[in-house]
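Colleague: Structure supplied as upload-v8.txt; contents: compact mmCIF, C-alpha atoms.
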# COMPACT_ATOMS: atom_id res chain seq x y z
CA MET M 3 105.79 127.49 84.68
CA LEU M 4 107.28 124.54 82.79
CA ASP M 5 108.69 125.20 79.33
CA GLN M 6 108.60 122.78 76.40
CA ASP M 7 112.13 121.48 77.04
CA ASP M 8 111.32 120.75 80.68
CA TYR M 9 108.23 118.77 79.69
CA LEU M 10 110.31 116.82 77.17
CA ASN M 11 113.05 116.11 79.71
CA ARG M 12 110.50 114.91 82.26
CA ALA M 13 108.90 112.66 79.66
CA ILE M 14 112.29 111.20 78.68
CA GLY M 15 113.29 110.69 82.31
CA ALA M 16 109.97 109.06 83.20
CA GLY M 17 110.08 106.85 80.11
CA VAL M 18 113.61 105.62 80.75
CA GLY M 19 112.81 105.15 84.44
CA TYR M 20 109.72 103.07 83.63
CA ALA M 21 111.70 100.99 81.14
CA THR M 22 114.33 100.45 83.83
CA TYR M 23 111.64 99.22 86.22
CA ASN M 24 110.24 96.76 83.67
CA VAL M 25 113.69 95.41 82.76
CA ALA M 26 114.64 95.07 86.43
CA GLN M 27 111.40 93.19 87.16
CA LYS M 28 111.88 90.79 84.25
CA MET M 29 115.55 90.18 84.99
CA THR M 30 115.06 89.60 88.72
CA LYS M 31 112.08 87.34 88.04
CA LYS M 32 114.01 85.23 85.54
CA TYR M 33 117.40 85.09 87.23
CA VAL M 34 116.59 85.52 90.94
CA ARG M 35 112.99 84.90 91.96
CA GLN M 36 112.07 81.95 89.73
CA PRO M 37 115.31 79.97 90.32
CA TYR M 38 115.04 80.60 94.06
CA ALA M 39 111.36 79.55 94.10
CA LYS M 40 112.19 76.30 92.28
CA VAL M 41 114.83 75.46 94.88
CA VAL M 42 112.47 76.34 97.73
CA MET M 43 109.44 74.47 96.35
CA LYS M 44 111.43 71.32 95.60
CA PRO M 45 111.40 69.98 99.20
CA LEU M 46 107.60 70.24 99.32
CA LYS M 47 107.46 67.71 96.49
CA HIS M 48 110.67 65.70 96.91
CA GLY M 49 111.47 66.25 100.60
CA PHE M 50 109.19 63.44 101.71
CA ASN M 51 109.30 59.75 100.77
CA SER M 52 106.22 57.91 99.49
CA SER M 53 105.32 56.60 102.95
CA GLU M 54 105.54 60.10 104.48
CA LYS M 55 103.45 61.52 101.64
CA GLY M 56 100.80 58.92 102.37
CA THR M 57 100.82 59.87 106.05
CA ILE M 58 100.56 63.58 105.22
CA LYS M 59 97.74 62.96 102.72
CA ASN M 60 95.70 61.09 105.32
CA ALA M 61 96.38 63.87 107.82
CA VAL M 62 95.23 66.46 105.27
CA LEU M 63 91.94 64.66 104.66
CA GLN M 64 91.40 64.24 108.40
CA ALA M 65 92.14 67.92 109.07
CA PHE M 66 89.92 69.11 106.23
CA ASP M 67 86.99 67.14 107.63
CA GLY M 68 87.65 68.38 111.16
CA ILE M 69 88.14 72.15 110.84
CA GLY M 70 84.77 73.02 109.32
CA LEU M 71 85.86 74.21 105.88
CA LYS M 72 83.14 72.11 104.24
CA ASN M 73 80.53 74.06 106.20
CA ARG M 74 82.05 77.26 104.79
CA GLY M 75 81.58 75.99 101.24
CA VAL M 76 85.25 75.16 100.61
CA VAL M 77 86.02 72.25 98.26
CA LEU M 78 89.28 70.27 98.26
CA ASN M 79 90.19 69.21 94.70
CA ASN M 80 92.75 66.43 94.33
CA VAL M 81 94.00 67.52 90.90
CA THR M 82 95.71 64.89 88.72
CA THR M 83 96.67 64.72 85.05
CA GLU M 84 93.69 62.39 84.55
CA ASN M 85 91.02 64.71 85.99
CA VAL M 86 92.47 68.19 85.38
CA GLN M 87 90.23 68.84 82.37
CA LYS M 88 87.14 67.75 84.31
CA ILE M 89 88.04 69.94 87.28
CA ASN M 90 88.62 72.89 84.94
CA THR M 91 85.15 72.39 83.43
CA GLU M 92 83.59 72.14 86.90
CA PHE M 93 85.52 75.23 87.98
CA ASN M 94 84.17 77.25 85.04
CA LYS M 95 80.62 76.08 85.74
CA LYS M 96 80.94 77.10 89.38
CA ILE M 97 82.23 80.55 88.45
CA MET M 98 79.34 80.99 86.01
CA GLN M 99 76.85 79.96 88.70
CA ILE M 100 78.36 82.42 91.18
CA ILE M 101 78.14 85.23 88.61
CA GLU M 102 74.54 84.31 87.78
CA ASN M 103 73.58 84.38 91.46
CA MET M 104 75.25 87.79 91.89
CA LEU M 105 73.38 89.20 88.89
CA HIS M 106 70.08 87.87 90.25
CA LYS M 107 70.76 89.60 93.58
CA LEU M 108 71.52 92.84 91.73
CA GLY M 109 68.12 92.67 90.02
CA TYR M 110 69.24 92.02 86.43
CA SER M 111 66.63 90.70 84.00
CA GLU M 112 66.94 87.17 82.62
CA LYS M 113 67.83 88.59 79.20
CA MET M 114 70.65 90.70 80.65
CA ILE M 115 71.90 87.78 82.74
CA THR M 116 72.05 85.59 79.62
CA LEU M 117 74.02 88.28 77.76
CA GLN M 118 76.41 88.81 80.68
CA LYS M 119 76.99 85.07 81.06
CA ALA M 120 77.74 84.75 77.34
CA THR M 121 80.32 87.54 77.62
CA VAL M 122 81.94 85.97 80.68
CA ASP M 123 81.95 82.56 78.97
CA ARG M 124 83.85 83.98 75.97
CA ILE M 125 86.39 85.63 78.26
CA MET M 126 86.90 82.44 80.29
CA LYS M 127 87.42 80.35 77.15
CA LYS M 128 90.14 82.74 75.98
CA ASP M 129 91.77 83.05 79.41
CA LYS M 130 93.83 79.91 79.99
CA ASN M 131 95.46 81.08 83.24
CA ILE M 132 93.29 78.96 85.55
CA PHE M 133 93.72 75.88 83.40
CA LYS M 134 97.50 76.42 83.36
CA ALA M 135 97.47 76.78 87.14
CA LEU M 136 95.47 73.55 87.44
CA GLN M 137 97.94 71.77 85.14
CA ILE M 138 100.85 72.95 87.31
CA ALA M 139 98.97 71.67 90.37
CA ALA M 140 98.33 68.34 88.63
CA ASP M 141 102.07 68.00 87.97
CA GLY M 142 102.72 68.50 91.69
CA GLU M 143 104.73 71.68 91.13
CA ASN M 144 102.42 74.03 93.03
CA ALA M 145 99.04 74.34 94.74
CA PHE M 146 96.58 77.19 95.17
CA TYR M 147 93.42 78.31 96.93
CA HIS M 148 90.96 80.21 94.72
CA PRO M 149 88.88 82.51 96.97
CA PHE M 150 86.14 83.29 94.43
CA SER M 151 85.26 79.64 93.83
CA LYS M 152 86.37 78.56 97.34
CA THR M 153 88.44 75.68 95.97
CA ILE M 154 91.76 74.24 97.15
CA ASN M 155 93.55 72.76 94.15
CA ILE M 156 96.43 70.36 94.78
CA ASN M 157 97.81 66.97 93.82
CA LEU M 158 97.56 65.15 97.16
CA ASN M 159 99.64 62.24 95.87
CA LYS M 160 102.63 64.33 94.73
CA MET M 161 102.70 67.37 97.04
CA PRO M 162 100.31 66.81 99.98
CA ALA M 163 102.37 68.94 102.41
CA ALA M 164 101.26 72.13 100.66
CA ALA M 165 97.59 71.36 101.40
CA PHE M 166 97.84 72.53 105.02
CA HIS M 167 99.09 75.94 103.86
CA GLU M 168 96.26 76.20 101.31
CA MET M 169 93.73 75.25 104.00
CA GLY M 170 95.25 78.09 106.01
CA HIS M 171 94.43 80.43 103.10
CA ALA M 172 90.89 79.06 103.04
CA LEU M 173 90.51 79.84 106.75
CA ASN M 174 91.96 83.34 106.27
CA ASN M 175 89.53 84.07 103.44
CA THR M 176 86.43 82.75 105.21
CA ASP M 177 87.15 83.94 108.76
CA LYS M 178 85.57 87.30 109.65
CA TYR M 179 88.68 88.43 111.57
CA THR M 180 91.23 87.77 108.79
CA ARG M 181 89.06 88.28 105.71
CA ILE M 182 90.09 91.93 105.36
CA LEU M 183 93.78 90.95 105.28
CA ALA M 184 93.14 88.11 102.80
CA TYR M 185 91.08 90.21 100.41
CA GLY M 186 93.02 93.45 100.90
CA ARG M 187 96.49 92.09 100.06
CA HIS M 188 95.83 91.82 96.32
CA PRO M 189 94.53 95.39 95.71
CA LEU M 190 97.41 96.79 97.77
CA ALA M 191 99.99 94.75 95.86
CA MET M 192 98.50 95.59 92.46
CA LEU M 193 97.66 99.29 92.88
CA VAL M 194 100.01 100.88 95.41
CA PRO M 195 103.47 100.08 93.89
CA PRO M 196 102.49 101.48 90.43
CA LEU M 197 101.15 104.65 92.09
CA ILE M 198 104.35 105.08 94.10
CA LEU M 199 106.40 104.51 90.94
CA ALA M 200 104.30 107.08 89.05
CA VAL M 201 104.86 109.73 91.72
CA GLY M 202 108.59 109.02 91.80
CA LEU M 203 108.93 109.23 88.01
CA LEU M 204 106.80 112.34 87.49
CA LYS M 205 107.99 114.47 90.39
CA ASN M 206 111.28 116.35 90.37
CA LYS M 207 113.68 115.88 93.26
CA LYS M 208 113.97 118.98 95.46
CA GLN M 209 117.15 120.98 95.27
CA GLU M 210 119.11 121.47 98.49
CA GLY M 211 117.31 124.03 100.64
CA GLU M 212 114.19 124.06 98.43
CA ALA M 213 111.01 123.97 100.53
CA PRO M 214 107.74 122.23 99.50
CA LYS M 215 105.05 124.52 98.09
CA ASP M 216 102.12 123.02 99.99
CA ASN M 217 100.96 119.85 101.77
CA LEU M 218 100.35 118.03 98.48
CA ASP M 219 103.88 118.84 97.34
CA LYS M 220 105.21 117.74 100.73
CA THR M 221 103.34 114.42 100.45
CA GLY M 222 104.75 113.88 96.97
CA ASP M 223 108.28 114.50 98.25
CA PHE M 224 107.74 112.00 101.06
CA ILE M 225 106.51 109.33 98.64
CA LYS M 226 109.38 109.94 96.23
CA ASN M 227 112.06 109.96 98.93
CA ASN M 228 110.70 106.79 100.56
CA ALA M 229 109.48 104.98 97.44
CA GLY M 230 111.35 101.74 98.12
CA LYS M 231 110.24 101.49 101.74
CA LEU M 232 106.62 102.37 100.92
CA THR M 233 106.54 99.79 98.11
CA PHE M 234 107.79 97.10 100.44
CA ALA M 235 105.24 98.20 103.07
CA ALA M 236 102.43 97.79 100.51
CA LEU M 237 103.51 94.17 100.06
CA VAL M 238 103.78 93.39 103.79
CA PRO M 239 100.07 92.35 103.98
CA THR M 240 100.81 89.70 101.34
CA ILE M 241 103.74 88.39 103.37
CA ALA M 242 101.64 88.53 106.56
CA GLU M 243 98.71 86.62 105.02
CA GLU M 244 101.04 83.98 103.60
CA GLY M 245 102.72 83.63 106.98
CA LEU M 246 99.39 83.36 108.76
CA ALA M 247 98.28 80.63 106.33
CA SER M 248 101.42 78.65 107.19
CA VAL M 249 100.92 79.16 110.94
CA ARG M 250 97.35 77.92 110.70
CA GLY M 251 98.45 75.02 108.53
CA SER M 252 101.08 74.07 111.10
CA LYS M 253 98.50 74.12 113.89
CA MET M 254 96.29 71.77 111.87
CA ALA M 255 99.18 69.41 111.18
CA LYS M 256 100.69 69.37 114.71
CA PRO M 257 98.36 66.79 116.31
CA LEU M 258 98.38 64.61 113.18
CA LEU M 259 102.09 64.35 112.29
CA SER M 260 105.18 63.12 114.12
CA LYS M 261 107.57 65.72 115.56
CA GLU M 262 110.22 64.95 112.96
CA LEU M 263 107.75 65.13 110.08
CA LEU M 264 106.23 68.33 111.45
CA LYS M 265 109.69 69.93 111.76
CA ASN M 266 110.47 69.14 108.11
CA PHE M 267 107.02 70.39 107.14
CA ASN M 268 107.47 73.71 109.00
CA ASN M 269 110.95 74.25 107.49
CA CYS M 270 109.46 73.84 104.01
CA HIS M 271 106.83 76.48 104.68
CA LEU M 272 109.32 78.87 106.25
CA ARG M 273 111.45 78.66 103.10
CA ALA M 274 108.34 79.14 100.97
CA LEU M 275 107.50 82.31 102.91
CA SER M 276 110.96 83.65 102.12
CA THR M 277 110.03 83.72 98.41
CA TYR M 278 107.42 86.40 99.17
CA VAL M 279 109.94 88.42 101.20
CA LEU M 280 112.39 88.15 98.30
CA GLY M 281 109.70 89.14 95.79
CA ALA M 282 108.70 92.21 97.80
CA THR M 283 112.34 93.22 98.15
CA MET M 284 112.95 92.91 94.42
CA VAL M 285 109.89 95.03 93.57
CA ALA M 286 110.93 97.70 96.09
CA LEU M 287 114.49 97.79 94.71
CA SER M 288 113.18 97.98 91.14
CA VAL M 289 111.03 101.00 92.02
CA ARG M 290 113.94 102.69 93.77
CA LEU M 291 116.30 101.98 90.86
CA ALA M 292 113.81 103.34 88.31
CA ILE M 293 113.44 106.61 90.24
CA ALA M 294 117.22 106.92 90.69
CA VAL M 295 117.77 106.49 86.93
CA ARG M 296 115.07 109.07 86.18
CA ASP M 297 116.61 111.59 88.61
CA ALA M 298 120.09 111.03 87.17
CA ILE M 299 118.77 111.82 83.68
CA MET M 300 117.05 114.99 84.91
CA THR M 301 120.19 116.12 86.75
CA ASN M 302 122.26 115.61 83.61
CA LYS M 303 119.71 117.48 81.45
CA ASN M 304 119.66 120.38 83.90
CA LYS M 305 123.46 120.62 83.85
CA GLU M 306 123.44 120.64 80.04
CA ALA M 307 120.85 123.45 80.05
CA GLN M 308 123.03 125.57 82.35
CA VAL M 309 126.11 125.28 80.12
Can I see the file as structure tokens?
Modeller:
Amino acid sequence: MLDQDDYLNRAIGAGVGYATYNVAQKMTKKYVRQPYAKVVMKPLKHGFNSSEKGTIKNAVLQAFDGIGLKNRGVVLNNVTTENVQKINTEFNKKIMQIIENMLHKLGYSEKMITLQKATVDRIMKKDKNIFKALQIAADGENAFYHPFSKTININLNKMPAAAFHEMGHALNNTDKYTRILAYGRHPLAMLVPPLILAVGLLKNKKQEGEAPKDNLDKTGDFIKNNAGKLTFAALVPTIAEEGLASVRGSKMAKPLLSKELLKNFNNCHLRALSTYVLGATMVALSVRLAIAVRDAIMTNKNKEAQV
């Protein structure tokens, strides 16, 4: 049975461990991941001259018309600083229409649908994340596929090479064979690492020769002892889906681009994929570091109690 001091020590250890995780995440994001991503993304925007960008843009439009994404309801938005506000408004309207259709299918009354739409509208007006993402796309600094609205958002004049990758995402999300991977990556990435971290911070490390009490205790030990590896494994589907999007994008581009242009294009996407590998590694190391700090505190507290 745990005494009051043991509860307090566990709380202190878990708190310091969690703080360590947060600090590690912020520091690696600011000083490792973001600087690396800027270097990697730069060739997608600046690695092609104006003539090559024009060639790639035409290839993108040709590929988009030829692979059947329109028939799947996917829209290609050429986002610029001039039309970003308009696209944002259209995006919000589309989301509202999708929500309304879902509520109709669920059998909600018109009154309830009106109330739900008003609530969603207030939330969307406060949430500026999509508009910020569209502004970044308009500046040619990034591009994204939004699965809920089925829209590819990119500045085709500034960074057309990224469009093939985003079309790959669109195929992954609308293809019955890869849809599970595309939709499953986000829940795994959002839910599993925090659960692994929680187990590692709340569970004491076994003493040498100490056996697990039952299967649940044994499972907890396994998660704690392999927290870094399991965290990375939870992020592998994200890396795999990103890689698959690039492979599909490359296949679309191959018959439309010269060998030299295609080689440059593929190198850009290979470097872009490395940002996800780096991100997964940093999260896994942060989880492992947090648990190590927590265990060090508990070991020190136990030694003090024995003196």
Colleague: Could you check the closest approach to Leu272 of chain M for each of M:Asn103, M:Leu46, M:Asn227, M:Leu190 and tell me which residue wins, using all atoms listed in the file?
Modeller: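 Using all atoms listed in the file, the shortest distance to Leu272 of chain M belongs to M:Leu46.
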Colleague: Can you list, as a list in words, every protein, DNA or RNA residue that comes within 9 Å of Arg74 of chain M when you count all atoms listed in the file, leaving out same-chain residues fewer than 4 positions away?
Modeller: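 Non-adjacent residues within range: Gly70, Lys152 and Thr176 of chain M.
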Colleague: What does the distance between atom CA of Leu204 of chain M and atom CA of Gly281 of chain M come to in Å, to one decimal place?
Modeller: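 Atom CA of Gly281 of chain M lies at a distance of 24.8 Å from atom CA of Leu204 of chain M.
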Colleague: Rank M:Lys231, M:Lys205, M:Lys160, M:Lys130 by their smallest atom-to-atom distance to Gly15 of chain M, using all atoms listed in the file, and report the top residue only.
Modeller: M:Lys205
Colleague: Kindly give the distance, in Å, that separates atom CA of Gly68 of chain M and atom CA of Met254 of chain M, rounded to a single decimal.
Modeller: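 About the pair atom CA of Gly68 of chain M and atom CA of Met254 of chain M: they are 9.3 Å apart.
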Colleague: Excluding same-chain residues fewer than 6 positions from Gln87 of chain M, what lies within 10 Å of it counting all atoms listed in the file, as a ChimeraX atom specification?
Modeller: /M:81,93,133,136-137
Colleague: Provide the atom CA of Phe166 of chain M to atom CA of Phe150 of chain M distance in Å, to one decimal place.
Modeller: 19.1 Å
Colleague: Contacts of segment 17-25 of chain M at 7 Å or less, counting all atoms listed in the file, minus same-chain residues fewer than 5 places along, as a list in words?
Modeller: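 Counting all atoms listed in the file, the residues come to Leu203, Ser288, Val289, Ala292, Ile293, Val295 and Arg296 of chain M.
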Colleague: So, counting all atoms listed in the file, which residue among M:Ile154, M:Glu244, M:Lys178, M:Tyr185 is closest to Ile89 of chain M?
Modeller: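 Answer, going by the shortest atom-to-atom distance: M:Ile154.
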Colleague: Would you pick out the contacts of Ala135 of chain M at 12 Å or less, using only C-alpha atoms, so that residues sharing its chain but fewer than 6 positions from it are not included, and give the list as a PDB file with C-alpha atoms, in the coordinates of the input?
Modeller:
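Dumped to part.pdb:
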ATOM      1  CA  VAL M  81      94.000  67.520  90.900  1.00  0.00           C
ATOM      2  CA  VAL M  86      92.470  68.190  85.380  1.00  0.00           C
ATOM      3  CA  GLN M  87      90.230  68.840  82.370  1.00  0.00           C
ATOM      4  CA  ILE M  89      88.040  69.940  87.280  1.00  0.00           C
ATOM      5  CA  ASN M  90      88.620  72.890  84.940  1.00  0.00           C
ATOM      6  CA  ASP M 129      91.770  83.050  79.410  1.00  0.00           C
ATOM      7  CA  ASP M 141     102.070  68.000  87.970  1.00  0.00           C
ATOM      8  CA  GLY M 142     102.720  68.500  91.690  1.00  0.00           C
ATOM      9  CA  GLU M 143     104.730  71.680  91.130  1.00  0.00           C
ATOM     10  CA  ASN M 144     102.420  74.030  93.030  1.00  0.00           C
ATOM     11  CA  ALA M 145      99.040  74.340  94.740  1.00  0.00           C
ATOM     12  CA  PHE M 146      96.580  77.190  95.170  1.00  0.00           C
ATOM     13  CA  TYR M 147      93.420  78.310  96.930  1.00  0.00           C
ATOM     14  CA  HIS M 148      90.960  80.210  94.720  1.00  0.00           C
ATOM     15  CA  ILE M 154      91.760  74.240  97.150  1.00  0.00           C
ATOM     16  CA  ASN M 155      93.550  72.760  94.150  1.00  0.00           C
ATOM     17  CA  ILE M 156      96.430  70.360  94.780  1.00  0.00           C
ATOM     18  CA  ASN M 157      97.810  66.970  93.820  1.00  0.00           C
TER      19      ASN M 157
END
Colleague: With distances taken over all atoms listed in the file, which of M:Ala163, M:Ile198, M:Leu291, M:Ala236 is nearest to Ala61 of chain M?
Modeller: M:Ala163
Colleague: Neighbouring residues of Pro149 of chain M were defined as those with any atom within 8 Å, considering only C-alpha atoms; residues of the same chain fewer than 4 positions away were excluded. Please report them as a count of residues only.
Modeller: 3
Colleague: Tell me which of M:Leu263, M:Ala235, M:Ile241, M:Leu78 sits closest to Ala65 of chain M, counting all atoms listed in the file.
Modeller: M:Leu78
Colleague: Which of these, M:Ile97, M:Ala39, M:Val238, M:Ile299, has the shortest distance to Asn206 of chain M once you count all atoms listed in the file?
Modeller: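 Result for the nearest residue to Asn206 of chain M: M:Ile299.
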